[in-house]
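Q: Below is a structure I'd like to ask you about.
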Amino acid sequence: MNAELARLTALLRAAPGIGHKRDIARVVRTLAGGDDSAAARGGAWAAPVGDDCAAIPDGDGYLLLAIEGFVNEFVAREPWFAGYCGVMVNVSDIYAMGGRPLAIVDALWSRDGDAAQPLLDGLAAAAAVYDVPIVGGHSNRRSDREQLSVAITGRATRLLTSFDARPGEHLVAVYDLRGRYHEPYDYWNASLGAPAERLRADLELLPAIAEDGLCRAAKDISMAGVVGTALMLLECSGIGATIDLAAIPRPPGVALERWLATFPSYGFILSVADADLAPVLARFAGRDLACAVIGRTDSGRRVHLRHGSAPDTALLWDFAEEDLTGCAPAALRPSSKEQHHA
């Protein structure tokens with residue numbers, strides 16, 4: 001095997017962002033109540049547990065619910081930006097499901113005095129940029145530190161889910177590369193300073209693509225990076241893929257190793273059928289967003305990596321042997337005795 005491909009595969013296997021996703025499995029097993037519960041099967045929900053949002057059938061569409069919490073260190077170091085991200089990342093989850101946001105609530109703990117003001121200012125700034133009202137929440141100003149979580153609701157007419165990718169489709173990655181790293185984090189910030197109308201119109205592409213029947217499966221790129229996010233999508237859909245690392249769009253001058261660990265302000269993975277590929281790519285390109293086919297799905301349960309035209313491939317994950325998030329359909333999950341961990 002090519003030495004560089006082997007090195008990148010090993011780095012991805014050990015990446016903290018992917019490792020954190022493995023923690024989801026125990027939470028899902030506990031709160032879903034087991035494989036026979038309504039929650040584990042999806043029950044009254046339109047998508048099973050494990051997607052970017054909960055999706056609940058409601059009238060002629062779906063009510064979407066999502067929530068994000070932020071680690072104390074980030075809130076302490078970057079309180080204004082933590083507030084801004086509280087809105088931004090939730091908005092991205094709603095659009096990733098083919099929806100449009102309706103309203104936000106927050107839960108805020110803080111010390112007294114003005115300690116919470118930067119968090120509140122960041123929340124307010126992002127709410128204005130993304131045109132989503134903050135309609136309520138919870139506050140406690142008698143805490144020993146600042147802590148934040150933010151929840152959002154939205155609506156979708158047609159869903160994009162993590163459970164509807166099919167074998168033989170193209171994995172498409174799309175980014176807004178008109179930004180920079182928010183140092184020292186592996187966070188690509190293409191939101192701050194960008195025109196608000198442009199940001200909202202770029203996000204509007206996702207529900208429009210869903211409503212026009214051009215795609216059924218998508219996910220926003222999380223702290224697991226583009227490959228880790230693709231793994232979650234493939235696990236939930238019960239399929240495999242081969243991903244070409246060299247095909248992933250990235251900014252000039254950014255090392256591939258760092259980009260693979262990057263969490264972008266605007267980044268999505270879509271699974272697109274042959275007949276719909278050209279119009280999907282054209283829509284993103286028409287708004288100066290970087291988009292490319294980075295892989296092809298298959299009916300197996302393995303995810304392989306390659307790098308450009310080199311014939312070598314490397315096995316990154318075998319879902320028949322081990323879970324990632326544990327959100328695969330129950331019939332496809334390996335038993336706890338069969339799983340091994342890196």
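Please note that chains go A, B, ... in the order of the structure tokens, that every chain numbers its residues from 1, and that ligands are numbered from 1 in the order shown.
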Pull the alpha helix (DSSP H) assignments for segment 45-270 of chain A out of DSSP run on the backbone, and list those residues as a PyMOL selection string.
A: chain A and resi 72-77+79-96+117-130+196-211+225-237+256-260
Q: Identify, on the basis of only C-alpha atoms, every residue whose closest approach to segment 212-214 of chain A does not exceed 7 Å; exclude the query and any residue fewer than 4 positions from it along the same chain; express the result as a list of chain:residue names.
A: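 Everything that qualifies: A:Ala208, A:Asp276, A:Val280.
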Q: When DSSP works through the backbone of this structure, what residues of segment 113-142 of chain A end up as strand (DSSP E or B), shown as a ChimeraX atom specification?
A: /A:134-140
Q: What are the nearest atom pairs, with distances in Å to one decimal, for all residues of segment 42-126 of chain A that come at most 12 Å from segment 178-192 of chain A, using only C-alpha atoms, set out by chain and rising residue number as a tab-separated table?
A:
residue	atom	partner	partner_atom	distance
A:Phe74	CA	A:Tyr185	CA	9.9
A:Arg77	CA	A:Pro184	CA	11.1
A:Glu78	CA	A:His182	CA	10.7
A:Trp80	CA	A:Leu192	CA	11.8
A:Phe81	CA	A:Leu192	CA	9.6
A:Tyr84	CA	A:Leu192	CA	9.2
A:Cys85	CA	A:Ser191	CA	9.9
A:Val87	CA	A:Ser191	CA	11.7
A:Met88	CA	A:Ser191	CA	8.6
A:Val89	CA	A:Ser191	CA	10.9
A:Ser92	CA	A:Ser191	CA	11.6
A:Gly122	CA	A:Leu192	CA	11.0
A:Ala125	CA	A:Leu192	CA	10.0
A:Ala126	CA	A:Leu192	CA	9.1
Q: Would you put the residues from that selection into a file with N, CA and C atoms, as a PDB file, in the first residue's frame?
A:
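Below is the file that was written, again-v8.pdb:
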ATOM      1  N   PHE A  74     -14.261  25.965  25.480  1.00  0.00           N
ATOM      2  CA  PHE A  74     -14.559  26.828  24.337  1.00  0.00           C
ATOM      3  C   PHE A  74     -15.368  28.044  24.775  1.00  0.00           C
ATOM      4  N   ARG A  77     -13.022  30.474  26.606  1.00  0.00           N
ATOM      5  CA  ARG A  77     -12.021  31.142  25.779  1.00  0.00           C
ATOM      6  C   ARG A  77     -12.628  32.061  24.734  1.00  0.00           C
ATOM      7  N   GLU A  78     -13.801  31.679  24.204  1.00  0.00           N
ATOM      8  CA  GLU A  78     -14.397  32.398  23.076  1.00  0.00           C
ATOM      9  C   GLU A  78     -15.890  32.631  23.326  1.00  0.00           C
ATOM     10  N   TRP A  80     -18.079  35.167  22.953  1.00  0.00           N
ATOM     11  CA  TRP A  80     -18.893  35.755  21.890  1.00  0.00           C
ATOM     12  C   TRP A  80     -19.056  34.770  20.747  1.00  0.00           C
ATOM     13  N   PHE A  81     -17.957  34.137  20.352  1.00  0.00           N
ATOM     14  CA  PHE A  81     -18.013  33.213  19.226  1.00  0.00           C
ATOM     15  C   PHE A  81     -18.806  31.962  19.587  1.00  0.00           C
ATOM     16  N   TYR A  84     -22.317  32.872  18.988  1.00  0.00           N
ATOM     17  CA  TYR A  84     -22.571  32.909  17.541  1.00  0.00           C
ATOM     18  C   TYR A  84     -22.723  31.497  16.991  1.00  0.00           C
ATOM     19  N   CYS A  85     -21.810  30.614  17.405  1.00  0.00           N
ATOM     20  CA  CYS A  85     -21.868  29.228  16.920  1.00  0.00           C
ATOM     21  C   CYS A  85     -23.112  28.509  17.408  1.00  0.00           C
ATOM     22  N   VAL A  87     -26.087  29.483  17.395  1.00  0.00           N
ATOM     23  CA  VAL A  87     -27.098  29.645  16.356  1.00  0.00           C
ATOM     24  C   VAL A  87     -26.642  28.985  15.061  1.00  0.00           C
ATOM     25  N   MET A  88     -25.428  29.267  14.641  1.00  0.00           N
ATOM     26  CA  MET A  88     -24.959  28.860  13.314  1.00  0.00           C
ATOM     27  C   MET A  88     -24.990  27.345  13.119  1.00  0.00           C
ATOM     28  N   VAL A  89     -24.497  26.579  14.100  1.00  0.00           N
ATOM     29  CA  VAL A  89     -24.422  25.133  13.900  1.00  0.00           C
ATOM     30  C   VAL A  89     -25.812  24.500  13.933  1.00  0.00           C
ATOM     31  N   SER A  92     -27.379  25.048  10.547  1.00  0.00           N
ATOM     32  CA  SER A  92     -26.825  24.108   9.578  1.00  0.00           C
ATOM     33  C   SER A  92     -27.485  22.739   9.681  1.00  0.00           C
ATOM     34  N   GLY A 122     -23.180  37.341  21.113  1.00  0.00           N
ATOM     35  CA  GLY A 122     -22.921  36.416  20.006  1.00  0.00           C
ATOM     36  C   GLY A 122     -24.180  35.735  19.519  1.00  0.00           C
ATOM     37  N   ALA A 125     -26.154  38.325  17.527  1.00  0.00           N
ATOM     38  CA  ALA A 125     -25.548  38.632  16.230  1.00  0.00           C
ATOM     39  C   ALA A 125     -25.862  37.551  15.205  1.00  0.00           C
ATOM     40  N   ALA A 126     -25.702  36.282  15.591  1.00  0.00           N
ATOM     41  CA  ALA A 126     -25.968  35.191  14.649  1.00  0.00           C
ATOM     42  C   ALA A 126     -27.449  35.076  14.330  1.00  0.00           C
TER      43      ALA A 126
END
Q: For atom CA of Gly98 of chain A and atom CA of Asp121 of chain A, determine how far apart the two atoms are, in Å to one decimal place.
A: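 Atom-to-atom, atom CA of Gly98 of chain A and atom CA of Asp121 of chain A are spaced 28.4 Å apart.
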Q: Where does segment 222-282 of chain A meet segment 157-162 of chain A within 7 Å, residue by residue, with the nearest atom pair and distance in Å to one decimal for each, counting only C-alpha atoms, listed by chain and rising number, as a Markdown table?
A:
| residue | atom | partner | partner_atom | distance |
| --- | --- | --- | --- | --- |
| A:Leu233 | CA | A:Ser162 | CA | 4.9 |
| A:Cys236 | CA | A:Ser162 | CA | 5.8 |
| A:Ser237 | CA | A:Ser162 | CA | 6.4 |
Q: I'd like the contact shell of Val75 of chain A - 9 Å cut-off, only C-alpha atoms, skipping same-chain residues fewer than 5 positions apart - returned as a JSON list (two decimals) with all heavy atoms, in the first residue's frame.
A:
[["chain", "number", "residue", "atom", "x", "y", "z"],
["A", 70, "PHE", "N", -22.05, 23.16, 24.25],
["A", 70, "PHE", "CA", -20.68, 23.59, 23.99],
["A", 70, "PHE", "C", -19.79, 23.31, 25.20],
["A", 70, "PHE", "O", -20.20, 23.52, 26.35],
["A", 70, "PHE", "CB", -20.66, 25.08, 23.63],
["A", 70, "PHE", "CG", -21.39, 25.34, 22.35],
["A", 70, "PHE", "CD1", -22.76, 25.57, 22.35],
["A", 70, "PHE", "CD2", -20.73, 25.29, 21.13],
["A", 70, "PHE", "CE1", -23.45, 25.77, 21.17],
["A", 70, "PHE", "CE2", -21.42, 25.49, 19.94],
["A", 70, "PHE", "CZ", -22.78, 25.73, 19.97],
["A", 80, "TRP", "N", -18.08, 35.17, 22.95],
["A", 80, "TRP", "CA", -18.89, 35.75, 21.89],
["A", 80, "TRP", "C", -19.06, 34.77, 20.75],
["A", 80, "TRP", "O", -20.16, 34.56, 20.24],
["A", 80, "TRP", "CB", -18.25, 37.05, 21.38],
["A", 80, "TRP", "CG", -19.11, 37.78, 20.39],
["A", 80, "TRP", "CD1", -20.00, 38.78, 20.66],
["A", 80, "TRP", "CD2", -19.21, 37.54, 18.97],
["A", 80, "TRP", "NE1", -20.64, 39.20, 19.51],
["A", 80, "TRP", "CE2", -20.18, 38.44, 18.46],
["A", 80, "TRP", "CE3", -18.58, 36.66, 18.10],
["A", 80, "TRP", "CZ2", -20.52, 38.50, 17.11],
["A", 80, "TRP", "CZ3", -18.92, 36.70, 16.75],
["A", 80, "TRP", "CH2", -19.87, 37.61, 16.25],
["A", 81, "PHE", "N", -17.96, 34.14, 20.35],
["A", 81, "PHE", "CA", -18.01, 33.21, 19.23],
["A", 81, "PHE", "C", -18.81, 31.96, 19.59],
["A", 81, "PHE", "O", -19.49, 31.39, 18.74],
["A", 81, "PHE", "CB", -16.60, 32.86, 18.78],
["A", 81, "PHE", "CG", -16.55, 32.12, 17.48],
["A", 81, "PHE", "CD1", -17.19, 32.62, 16.36],
["A", 81, "PHE", "CD2", -15.84, 30.94, 17.35],
["A", 81, "PHE", "CE1", -17.14, 31.95, 15.14],
["A", 81, "PHE", "CE2", -15.77, 30.26, 16.15],
["A", 81, "PHE", "CZ", -16.43, 30.77, 15.04],
["A", 82, "ALA", "N", -18.74, 31.52, 20.84],
["A", 82, "ALA", "CA", -19.55, 30.38, 21.27],
["A", 82, "ALA", "C", -21.03, 30.71, 21.11],
["A", 82, "ALA", "O", -21.83, 29.88, 20.65],
["A", 82, "ALA", "CB", -19.24, 30.02, 22.72],
["A", 83, "GLY", "N", -21.43, 31.93, 21.49],
["A", 83, "GLY", "CA", -22.82, 32.32, 21.29],
["A", 83, "GLY", "C", -23.20, 32.34, 19.82],
["A", 83, "GLY", "O", -24.28, 31.85, 19.44],
["A", 119, "LEU", "N", -21.64, 36.14, 25.49],
["A", 119, "LEU", "CA", -22.43, 35.03, 24.97],
["A", 119, "LEU", "C", -23.75, 35.52, 24.39],
["A", 119, "LEU", "O", -24.14, 35.13, 23.28],
["A", 119, "LEU", "CB", -22.71, 34.02, 26.09],
["A", 119, "LEU", "CG", -21.61, 33.03, 26.45],
["A", 119, "LEU", "CD1", -21.87, 32.43, 27.82],
["A", 119, "LEU", "CD2", -21.50, 31.95, 25.40],
["A", 146, "GLU", "N", -19.54, 30.05, 32.90],
["A", 146, "GLU", "CA", -20.49, 30.19, 31.80],
["A", 146, "GLU", "C", -20.63, 28.85, 31.06],
["A", 146, "GLU", "O", -19.62, 28.20, 30.75],
["A", 146, "GLU", "CB", -20.04, 31.27, 30.82],
["A", 146, "GLU", "CG", -20.26, 32.69, 31.32],
["A", 146, "GLU", "CD", -19.44, 33.03, 32.54],
["A", 146, "GLU", "OE1", -18.19, 33.00, 32.44],
["A", 146, "GLU", "OE2", -20.03, 33.30, 33.61],
["A", 147, "GLN", "N", -21.86, 28.46, 30.82],
["A", 147, "GLN", "CA", -22.16, 27.24, 30.07],
["A", 147, "GLN", "C", -23.33, 27.54, 29.13],
["A", 147, "GLN", "O", -24.20, 28.34, 29.46],
["A", 147, "GLN", "CB", -22.52, 26.08, 31.00],
["A", 147, "GLN", "CG", -21.38, 25.66, 31.92],
["A", 147, "GLN", "CD", -21.81, 24.59, 32.90],
["A", 147, "GLN", "OE1", -22.65, 24.83, 33.76],
["A", 147, "GLN", "NE2", -21.24, 23.41, 32.76],
["A", 148, "LEU", "N", -23.32, 26.87, 27.97],
["A", 148, "LEU", "CA", -24.31, 27.20, 26.95],
["A", 148, "LEU", "C", -24.78, 25.98, 26.20],
["A", 148, "LEU", "O", -23.98, 25.12, 25.81],
["A", 148, "LEU", "CB", -23.71, 28.20, 25.94],
["A", 148, "LEU", "CG", -24.61, 28.60, 24.75],
["A", 148, "LEU", "CD1", -25.78, 29.46, 25.24],
["A", 148, "LEU", "CD2", -23.79, 29.34, 23.70]]
Q: Which of these, A:Glu204, A:Ser110, A:Gly69, A:Leu277, has the shortest distance to Ala151 of chain A once you count only C-alpha atoms?
A: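 Comparing A:Glu204, A:Ser110, A:Gly69, A:Leu277 against Ala151 of chain A, the winner is A:Gly69.
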Q: How many Å separate atom CA of Pro101 of chain A from atom CA of Val135 of chain A?
A: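 Computed distance, atom CA of Pro101 of chain A to atom CA of Val135 of chain A, equals 12.5 Å.
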Q: Looking at A:Asp288, A:Asp176, A:Asp164, A:Asp202, which one is nearest to Tyr95 of chain A, with distances taken over only C-alpha atoms?
A: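 So, comparing all the options, the nearest one is A:Asp202.
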Q: Using only C-alpha atoms, find the one residue out of A:Thr30, A:Ser149, A:Thr229, A:Ser265 that sits nearest to Ala194 of chain A.
A: A:Ser265
Q: For Val272 of chain A, list every protein, DNA or RNA residue within 10 Å, evaluated using only C-alpha atoms, and leave out those in the same chain fewer than 4 positions away; present the list as a list in words.
A: Ala165, Arg166, Gly168, Glu169, His170, Leu171, Val172, Leu214, Cys215, Arg216, Ala217, Ala218, Asp276, Leu277, Ala278, Val280, Leu281, Val293, Arg296 and Thr297 of chain A
Q: Could the residues in this selection be written to a file with N, CA, C and O atoms, as a compact mmCIF listing (two decimals), in the first residue's frame?
A:
# COMPACT_ATOMS: atom_id res chain seq x y z
N ALA A 165 -29.24 7.08 1.77
CA ALA A 165 -28.26 6.90 0.69
C ALA A 165 -28.40 5.48 0.15
O ALA A 165 -28.72 4.54 0.89
N ARG A 166 -28.15 5.31 -1.15
CA ARG A 166 -28.30 4.02 -1.81
C ARG A 166 -27.01 3.63 -2.49
O ARG A 166 -26.20 4.48 -2.88
N GLY A 168 -24.39 2.71 -5.33
CA GLY A 168 -24.25 3.20 -6.69
C GLY A 168 -24.45 4.69 -6.86
O GLY A 168 -24.52 5.18 -7.99
N GLU A 169 -24.51 5.44 -5.75
CA GLU A 169 -24.64 6.89 -5.82
C GLU A 169 -23.28 7.56 -5.66
O GLU A 169 -22.30 6.95 -5.25
N HIS A 170 -23.27 8.85 -5.97
CA HIS A 170 -22.05 9.66 -5.83
C HIS A 170 -22.07 10.35 -4.47
O HIS A 170 -23.08 10.95 -4.08
N LEU A 171 -20.94 10.29 -3.77
CA LEU A 171 -20.78 11.11 -2.58
C LEU A 171 -20.24 12.47 -3.02
O LEU A 171 -19.16 12.56 -3.62
N VAL A 172 -20.99 13.51 -2.72
CA VAL A 172 -20.64 14.87 -3.12
C VAL A 172 -20.32 15.67 -1.87
O VAL A 172 -21.12 15.69 -0.92
N LEU A 214 -33.98 15.96 -6.10
CA LEU A 214 -32.64 15.71 -6.63
C LEU A 214 -31.75 14.95 -5.65
O LEU A 214 -30.65 14.51 -6.03
N CYS A 215 -32.18 14.78 -4.42
CA CYS A 215 -31.36 14.10 -3.41
C CYS A 215 -32.26 13.69 -2.26
O CYS A 215 -33.24 14.38 -1.94
N ARG A 216 -31.92 12.56 -1.63
CA ARG A 216 -32.66 12.09 -0.46
C ARG A 216 -31.79 12.05 0.79
O ARG A 216 -32.32 11.98 1.90
N ALA A 217 -30.46 12.04 0.63
CA ALA A 217 -29.57 11.79 1.76
C ALA A 217 -28.49 12.86 1.83
O ALA A 217 -27.80 13.13 0.84
N ALA A 218 -28.33 13.44 3.02
CA ALA A 218 -27.30 14.46 3.22
C ALA A 218 -26.97 14.56 4.70
O ALA A 218 -27.73 14.09 5.56
N ASP A 276 -29.10 12.74 -11.28
CA ASP A 276 -29.26 14.04 -10.61
C ASP A 276 -27.94 14.74 -10.34
O ASP A 276 -27.94 15.88 -9.82
N LEU A 277 -26.83 14.11 -10.68
CA LEU A 277 -25.53 14.66 -10.30
C LEU A 277 -25.27 16.02 -10.95
O LEU A 277 -24.89 16.98 -10.27
N ALA A 278 -25.47 16.12 -12.25
CA ALA A 278 -25.13 17.37 -12.95
C ALA A 278 -25.92 18.56 -12.41
O ALA A 278 -25.32 19.61 -12.13
N VAL A 280 -27.27 18.96 -9.45
CA VAL A 280 -26.85 19.25 -8.08
C VAL A 280 -25.53 20.00 -8.06
O VAL A 280 -25.37 21.04 -7.39
N LEU A 281 -24.55 19.52 -8.82
CA LEU A 281 -23.26 20.20 -8.88
C LEU A 281 -23.42 21.62 -9.42
O LEU A 281 -22.78 22.56 -8.94
N VAL A 293 -17.40 15.44 -6.59
CA VAL A 293 -17.63 14.03 -6.26
C VAL A 293 -16.38 13.50 -5.58
O VAL A 293 -15.28 13.59 -6.12
N ARG A 296 -17.89 6.96 -4.29
CA ARG A 296 -19.00 6.21 -4.87
C ARG A 296 -19.47 5.20 -3.83
O ARG A 296 -18.65 4.48 -3.23
N THR A 297 -20.78 5.14 -3.60
CA THR A 297 -21.31 4.20 -2.63
C THR A 297 -21.46 2.81 -3.26
O THR A 297 -21.54 2.66 -4.48
Q: Between atom CA of Asp52 of chain A and atom CA of Ala224 of chain A, what is the distance in Å, rounded to a tenth?
A: 13.3 Å
Q: Taking only C-alpha atoms into account, name the residue in A:Gly238, A:Pro133, A:Gly193, A:Gly228 that is nearest to Thr9 of chain A.
A: A:Gly228
Q: Nearest to Glu211 of chain A among A:Gly225, A:Pro329, A:Gly99, A:Pro79, with distances taken over only C-alpha atoms: which residue is it?
A: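 Using only C-alpha atoms, Glu211 of chain A sits closest to A:Gly99.
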Q: Between A:Arg111, A:Lys219, A:Arg302, A:Arg200, which is the closest to Arg287 of chain A once you count only C-alpha atoms?
A: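 Closest residue, counting only C-alpha atoms: A:Arg200.
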